[in-house]
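Engineer: Sharing final15.cif (mmCIF, C-alpha atoms) below.
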```cif
data_coords
loop_
_atom_site.label_atom_id
_atom_site.label_comp_id
_atom_site.auth_asym_id
_atom_site.auth_seq_id
_atom_site.Cartn_x
_atom_site.Cartn_y
_atom_site.Cartn_z
CA MET V 38 -9.71 -2.43 6.41
CA SER V 39 -8.76 0.74 8.19
CA ILE V 40 -5.95 -0.81 10.22
CA PHE V 41 -4.06 -1.35 6.98
CA TYR V 42 -4.44 2.25 5.82
CA GLY V 43 -0.79 3.10 6.35
CA MET V 44 0.33 -0.15 4.77
CA ASN V 45 -1.67 0.58 1.62
CA THR V 46 -0.11 4.03 1.41
CA THR V 47 3.36 2.51 1.73
CA ALA V 48 2.49 -0.10 -0.89
CA SER V 49 1.60 2.65 -3.38
CA ALA V 50 4.94 4.35 -2.74
CA LEU V 51 6.82 1.07 -3.24
CA THR V 52 5.02 0.46 -6.52
CA ALA V 53 5.81 4.00 -7.68
CA GLN V 54 9.50 3.62 -6.81
CA ARG V 55 9.63 0.27 -8.60
CA LEU V 56 8.23 1.91 -11.72
CA ARG V 57 10.78 4.71 -11.41
CA MET V 58 13.51 2.08 -11.18
CA ASP V 59 12.16 0.39 -14.33
CA VAL V 60 12.25 3.71 -16.21
CA ILE V 61 15.84 4.34 -15.06
CA SER V 62 16.77 0.83 -16.25
CA SER V 63 15.29 1.65 -19.62
CA ASN V 64 17.28 4.91 -19.78
CA MET V 65 20.50 3.13 -18.85
CA ALA V 66 19.91 0.30 -21.30
CA ASN V 67 19.30 2.74 -24.15
CA MET V 68 22.24 4.99 -23.37
CA ASP V 69 23.73 4.32 -26.84
CA THR V 70 20.58 3.59 -28.83
CA ALA V 71 20.71 5.76 -31.93
CA ARG V 72 17.61 4.14 -33.41
CA ALA V 73 14.59 4.35 -31.18
CA ARG V 74 11.83 5.30 -33.60
CA GLN V 75 11.37 6.47 -37.13
CA VAL V 76 10.22 10.03 -37.76
CA ASN V 77 9.57 10.88 -41.45
CA GLY V 78 11.84 8.07 -42.60
CA GLU V 79 14.70 9.28 -40.37
CA TRP V 80 15.84 7.39 -37.31
CA GLU V 81 15.58 9.36 -34.07
CA PRO V 82 17.69 8.41 -31.05
CA TYR V 83 16.21 7.32 -27.73
CA ARG V 84 14.91 10.09 -25.51
CA ARG V 85 15.45 10.08 -21.77
CA LYS V 86 12.26 9.22 -19.88
CA SER V 87 11.21 10.44 -16.45
CA VAL V 88 8.25 9.67 -14.21
CA THR V 89 5.85 12.19 -12.71
CA PHE V 90 4.50 11.46 -9.25
CA THR V 91 1.20 12.84 -8.02
CA ALA V 92 -0.25 12.63 -4.53
CA GLN V 93 -3.25 10.34 -4.47
CA GLU V 94 -5.81 12.54 -2.82
CA SER V 95 -9.00 11.29 -1.31
CA GLN V 96 -12.17 11.05 -3.30
CA PHE V 97 -15.15 13.32 -2.97
CA SER V 98 -16.98 11.11 -0.47
CA LYS V 99 -14.00 11.35 1.85
CA PHE V 100 -13.90 15.15 1.69
CA PHE V 101 -17.60 15.09 2.37
CA ASN V 102 -17.06 12.94 5.45
CA VAL V 103 -14.39 15.35 6.68
CA ALA V 104 -16.83 18.23 6.25
CA LEU V 105 -19.36 16.28 8.28
CA GLY V 106 -16.67 15.55 10.87
CA LYS V 107 -17.30 11.83 10.53
CA ASN V 108 -13.89 10.36 10.00
CA ALA V 109 -10.67 12.05 11.05
CA LYS V 110 -8.64 9.70 8.86
CA SER V 111 -10.22 10.96 5.64
CA GLY V 112 -7.93 13.99 5.61
CA VAL V 113 -4.93 11.68 5.13
CA GLY V 114 -3.98 11.07 1.52
CA ASN V 115 -4.03 7.69 -0.17
CA GLY V 116 -0.38 7.60 -1.07
CA VAL V 117 1.26 8.31 -4.39
CA LYS V 118 0.65 7.40 -8.00
CA VAL V 119 2.54 7.81 -11.24
CA THR V 120 0.51 9.97 -13.60
CA GLN V 121 2.80 9.95 -16.60
CA ILE V 122 6.10 8.80 -18.01
CA LYS V 123 7.42 11.86 -19.79
CA GLU V 124 10.02 12.00 -22.53
CA ASP V 125 12.73 14.60 -22.03
CA ARG V 126 12.40 16.99 -24.97
CA GLU V 127 14.37 19.87 -23.40
CA THR V 128 17.82 18.31 -23.23
CA PRO V 129 19.40 18.21 -26.71
CA PHE V 130 20.81 15.03 -28.24
CA LYS V 131 24.55 14.50 -27.97
CA LEU V 132 26.38 14.92 -31.28
CA VAL V 133 29.13 12.34 -31.67
CA TYR V 134 31.62 12.23 -34.53
CA ASP V 135 31.54 8.73 -36.03
CA PRO V 136 31.60 8.63 -39.85
CA THR V 137 31.39 4.82 -39.92
CA HIS V 138 28.03 4.83 -38.13
CA PRO V 139 25.10 3.96 -40.44
CA ASP V 140 23.10 6.90 -39.11
CA ALA V 141 25.87 9.48 -39.53
CA ASN V 142 24.94 12.65 -41.40
CA ALA V 143 26.88 14.20 -44.30
CA ASP V 144 29.49 15.67 -41.92
CA GLY V 145 29.97 12.35 -40.13
CA TYR V 146 28.12 13.25 -36.94
CA VAL V 147 25.59 10.98 -35.21
CA ASN V 148 22.81 12.03 -32.85
CA MET V 149 23.09 10.06 -29.63
CA PRO V 150 20.46 9.81 -26.84
CA ASN V 151 20.20 12.63 -24.30
CA VAL V 152 20.77 10.18 -21.45
CA ASP V 153 23.35 11.30 -18.91
CA PRO V 154 24.65 8.22 -17.05
CA LEU V 155 25.73 10.33 -14.07
CA ARG V 156 22.27 11.75 -13.68
CA GLU V 157 20.73 8.29 -14.04
CA MET V 158 23.03 6.97 -11.29
CA VAL V 159 21.88 9.75 -8.96
CA ASP V 160 18.23 8.96 -9.78
CA LEU V 161 18.95 5.28 -9.22
CA MET V 162 20.34 5.97 -5.74
CA SER V 163 17.41 8.21 -4.96
CA ALA V 164 14.92 5.51 -6.03
CA THR V 165 16.72 2.84 -3.99
CA ARG V 166 16.85 5.01 -0.88
CA SER V 167 13.20 6.00 -1.21
CA TYR V 168 12.27 2.32 -1.52
CA GLU V 169 14.30 1.49 1.60
CA ALA V 170 12.73 4.37 3.50
CA ASN V 171 9.26 3.13 2.62
CA VAL V 172 10.11 -0.41 3.68
CA THR V 173 11.23 1.04 7.01
CA VAL V 174 7.91 2.83 7.31
CA PHE V 175 6.12 -0.44 6.58
CA ASN V 176 8.10 -2.31 9.23
CA ALA V 177 7.43 0.43 11.79
CA ASN V 178 3.75 0.18 10.92
CA LYS V 179 3.79 -3.57 11.38
CA SER V 180 5.65 -3.46 14.67
CA MET V 181 3.10 -0.93 15.92
CA LEU V 182 0.27 -3.32 15.06
CA THR V 183 2.00 -6.33 16.62
CA LYS V 184 2.68 -4.25 19.73
CA ALA V 185 -1.03 -3.46 19.84
CA LEU V 186 -1.75 -7.20 19.85
CA GLU V 187 0.40 -7.50 22.95
CA ILE V 188 -1.89 -5.21 24.94
CA GLY V 189 -3.17 -7.07 27.95
CA LYS V 190 -0.90 -10.08 27.62
CA MET W 173 -12.33 20.82 33.04
CA THR W 174 -15.65 20.45 34.75
CA ILE W 175 -16.50 17.23 36.45
CA SER W 176 -20.09 16.28 35.90
CA SER W 177 -21.89 14.81 38.83
CA VAL W 178 -22.83 11.18 38.71
CA SER W 179 -26.51 10.86 38.00
CA LEU W 180 -28.13 7.84 39.47
CA MET W 181 -30.97 6.09 37.73
CA THR W 182 -34.07 5.24 39.64
CA PRO W 183 -34.66 1.48 39.95
CA THR W 184 -37.65 1.66 37.60
CA GLN W 185 -35.50 3.27 34.91
CA VAL W 186 -32.97 0.48 35.22
CA VAL W 187 -35.66 -2.15 34.90
CA ASN W 188 -37.11 -0.42 31.84
CA GLN W 189 -33.73 -0.25 30.12
CA THR W 190 -32.92 -3.88 30.72
CA ASN W 191 -36.35 -4.90 29.48
CA LYS W 192 -35.77 -3.10 26.19
CA LEU W 193 -32.53 -4.95 25.55
CA GLN W 194 -33.94 -8.37 26.23
CA THR W 195 -33.36 -10.98 23.56
CA THR W 196 -34.00 -14.68 23.72
CA PRO W 197 -30.97 -16.88 24.40
CA TYR W 198 -31.44 -18.45 20.96
CA GLU W 199 -31.29 -15.04 19.23
CA ALA W 200 -28.23 -14.03 21.16
CA GLN W 201 -26.53 -17.27 20.25
CA GLN W 202 -27.37 -16.81 16.58
CA ASN W 203 -26.10 -13.22 16.58
CA PHE W 204 -22.86 -14.22 18.22
CA ALA W 205 -22.36 -17.19 15.92
CA ASN W 206 -23.00 -15.09 12.83
CA SER W 207 -20.66 -12.27 13.76
CA LEU W 208 -17.97 -14.78 14.69
CA LYS W 209 -18.44 -16.54 11.37
CA GLU W 210 -18.20 -13.25 9.47
CA ALA W 211 -15.06 -12.19 11.31
CA ILE W 212 -13.37 -15.50 10.60
CA ALA W 213 -14.42 -15.31 6.93
CA LYS W 214 -12.74 -11.88 6.72
CA VAL W 215 -9.53 -13.28 8.17
CA ASN W 216 -9.73 -16.15 5.72
CA ASP W 217 -10.16 -13.67 2.87
CA GLN W 218 -6.79 -12.12 3.73
CA GLN W 219 -5.20 -15.58 3.67
CA ILE W 220 -6.76 -16.30 0.27
CA THR W 221 -5.59 -12.94 -1.12
CA SER W 222 -2.07 -13.68 0.09
CA ASP W 223 -2.26 -17.16 -1.50
CA ASN W 224 -3.46 -15.72 -4.80
CA PHE W 225 -0.66 -13.17 -4.87
CA THR W 226 1.95 -15.84 -4.19
CA GLN W 227 0.44 -18.05 -6.86
CA LYS W 228 0.51 -15.17 -9.35
CA LEU W 229 4.14 -14.38 -8.51
CA ILE W 230 5.42 -17.92 -8.97
CA THR W 231 3.49 -18.44 -12.19
CA GLY W 232 4.98 -15.26 -13.61
CA GLY W 233 1.93 -13.04 -13.33
CA ASP W 234 1.93 -9.26 -13.37
CA VAL W 235 2.50 -8.75 -9.65
CA GLU W 236 5.21 -6.94 -7.72
CA LEU W 237 7.28 -8.72 -5.11
CA HIS W 238 6.49 -6.17 -2.41
CA GLU W 239 2.75 -6.62 -3.03
CA VAL W 240 3.12 -10.31 -2.25
CA MET W 241 5.10 -9.57 0.90
CA ILE W 242 2.61 -6.96 2.06
CA ALA W 243 -0.34 -9.27 1.43
CA SER W 244 1.33 -12.01 3.48
CA GLN W 245 2.11 -9.56 6.29
CA LYS W 246 -1.51 -8.37 6.35
CA ALA W 247 -2.69 -11.98 6.50
CA SER W 248 -0.29 -12.72 9.34
CA ILE W 249 -1.40 -9.68 11.35
CA THR W 250 -5.12 -10.46 10.97
CA LEU W 251 -4.49 -14.09 11.90
CA ASN W 252 -2.51 -13.06 14.98
CA ALA W 253 -5.32 -10.71 16.01
CA THR W 254 -7.81 -13.58 15.66
CA ILE W 255 -5.62 -15.89 17.71
CA GLU W 256 -5.39 -13.20 20.39
CA VAL W 257 -9.18 -12.92 20.53
CA ARG W 258 -9.53 -16.72 20.67
CA ASN W 259 -7.04 -16.89 23.55
CA LYS W 260 -9.09 -14.34 25.47
CA VAL W 261 -12.29 -16.30 24.87
CA ILE W 262 -10.72 -19.57 26.00
CA GLU W 263 -9.26 -17.84 29.05
CA ALA W 264 -12.68 -16.48 30.00
CA TYR W 265 -14.27 -19.89 29.52
CA GLN W 266 -11.66 -21.62 31.67
CA GLU W 267 -12.02 -18.96 34.33
CA ILE W 268 -15.76 -19.71 34.50
CA MET W 269 -15.19 -23.48 34.55
CA ARG W 270 -12.74 -23.11 37.43
CA MET W 271 -15.42 -21.48 39.54
CA SER W 272 -16.15 -23.58 42.62
CA VAL W 273 -19.83 -24.16 43.11
#
```
Step by step, read the file and then write its structure as structure tokens.
Structural biologist:
Amino acid sequence: MSIFYGMNTTASALTAQRLRMDVISSNMANMDTARARQVNGEWEPYRRKSVTFTAQESQFSKFFNVALGKNAKSGVGNGVKVTQIKEDRETPFKLVYDPTHPDANADGYVNMPNVDPLREMVDLMSATRSYEANVTVFNANKSMLTKALEIGK
Amino acid sequence: MTISSVSLMTPTQVVNQTNKLQTTPYEAQQNFANSLKEAIAKVNDQQITSDNFTQKLITGGDVELHEVMIASQKASITLNATIEVRNKVIEAYQEIMRMSV
């Protein structure tokens, strides 16, 4: 239904932010995980994950309708979607001196995940605020529709 | 902005146009009944979707909380719109019934 166009867009943003929050939770939970997966018999620590957002653009038929001048709404996007959850391979692992650790190398150093709690906290705040902002958009949308129902009362 | 002059139709034109649009009272009634039925079915669909989402949420299905809330809000808005239309219809009916003959 076209009256719920904006609401559907907001819903996609909320879903995306929820997923981002889930990924941040995973990063935070695995802040000290030295054993995430085995590579050639060696344990590799957890790698920080991040989400990639992409604008959900309209499909071909919609562009076609715009070209025909049929529907002005077709130019509006369809919201946002998460295209991938990427592992951070740029940031190096943290080397921690702990000879008692089972995964320590010959010099007594252990590779720890490249998760920076400070950075995760900032991402967490950003995700929360984005979610709130989108809820506000939704409520504004709803109040607009309910106001429309009051026309002629 | 140019203001176009009002063009009046000749009486024969008016008669011709009304003749073209003529439908039997039975047809009109059927058309109206069908479109009303369809509209109400659509509203009911929203309610069912909302119900399904809620059901999924409480039984631990793979559904997000905000999806449930949004579905219920959509259902509420469509229902309110329907109620508004119904009120208008009833109002019109009562207005006609109040007419003194």
Engineer: Excluding same-chain residues fewer than 6 positions from V:Asn142, what lies within 12 Å of it counting only C-alpha atoms, as a ChimeraX atom specification?
Structural biologist: /V:79-80,132-136,148
Engineer: Exactly which residues make up the result of the PyMOL selection byres ((chain W) within 8 of (chain V)) on this file, given as a PyMOL selection string?
Structural biologist: chain W and resi 236+238-239+242+246+249+252-253+256
Engineer: Dump C-alpha atoms for the selected residues as a compact mmCIF listing (two decimals), in the frame of the given file?
Structural biologist:
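As a result, again_33.txt now contains:
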```txt
# COMPACT_ATOMS: atom_id res chain seq x y z
CA GLU W 236 5.21 -6.94 -7.72
CA HIS W 238 6.49 -6.17 -2.41
CA GLU W 239 2.75 -6.62 -3.03
CA ILE W 242 2.61 -6.96 2.06
CA LYS W 246 -1.51 -8.37 6.35
CA ILE W 249 -1.40 -9.68 11.35
CA ASN W 252 -2.51 -13.06 14.98
CA ALA W 253 -5.32 -10.71 16.01
CA GLU W 256 -5.39 -13.20 20.39
```
Engineer: The PyMOL selection byres ((chain V and resi 117-119) around 6) - which residues does that actually catch in the file I just gave you? List them as a PyMOL selection string.
Structural biologist: chain V and resi 49-50+89-93+116+120-121
Engineer: Given the file shown, enumerate the residues that the PyMOL selection byres ((chain W and resi 226) around 10) captures and present them as a ChimeraX atom specification.
Structural biologist: /W:220-225,227-233,235,237,239-241,243-244
Engineer: Kindly give the distance, in Å, that separates atom CA of W:Asp217 and atom CA of W:Thr254, rounded to a single decimal.
Structural biologist: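 Answer for the atom CA of W:Asp217 to atom CA of W:Thr254 separation: 13.0 Å.
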Engineer: Just to confirm, what's the straight-line distance from atom CA of V:Leu155 to atom CA of V:Val174 in Å (one decimal)?
Structural biologist: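 It comes out at 28.8 Å.
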Engineer: If you count only C-alpha atoms, which residues fall within 12 Å of stretch 56-63 of chain V, apart from same-chain ones fewer than 5 positions away, as a PyMOL selection string?
Structural biologist: (chain V and resi 49-51+68-70+73+83-90+117-124+152-168) or (chain W and resi 236)
Engineer: Separation of atom CA of V:Asn171 and atom CA of V:Val113, in Å?
Structural biologist: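 One can read the atom CA of V:Asn171 to atom CA of V:Val113 distance as 16.8 Å.
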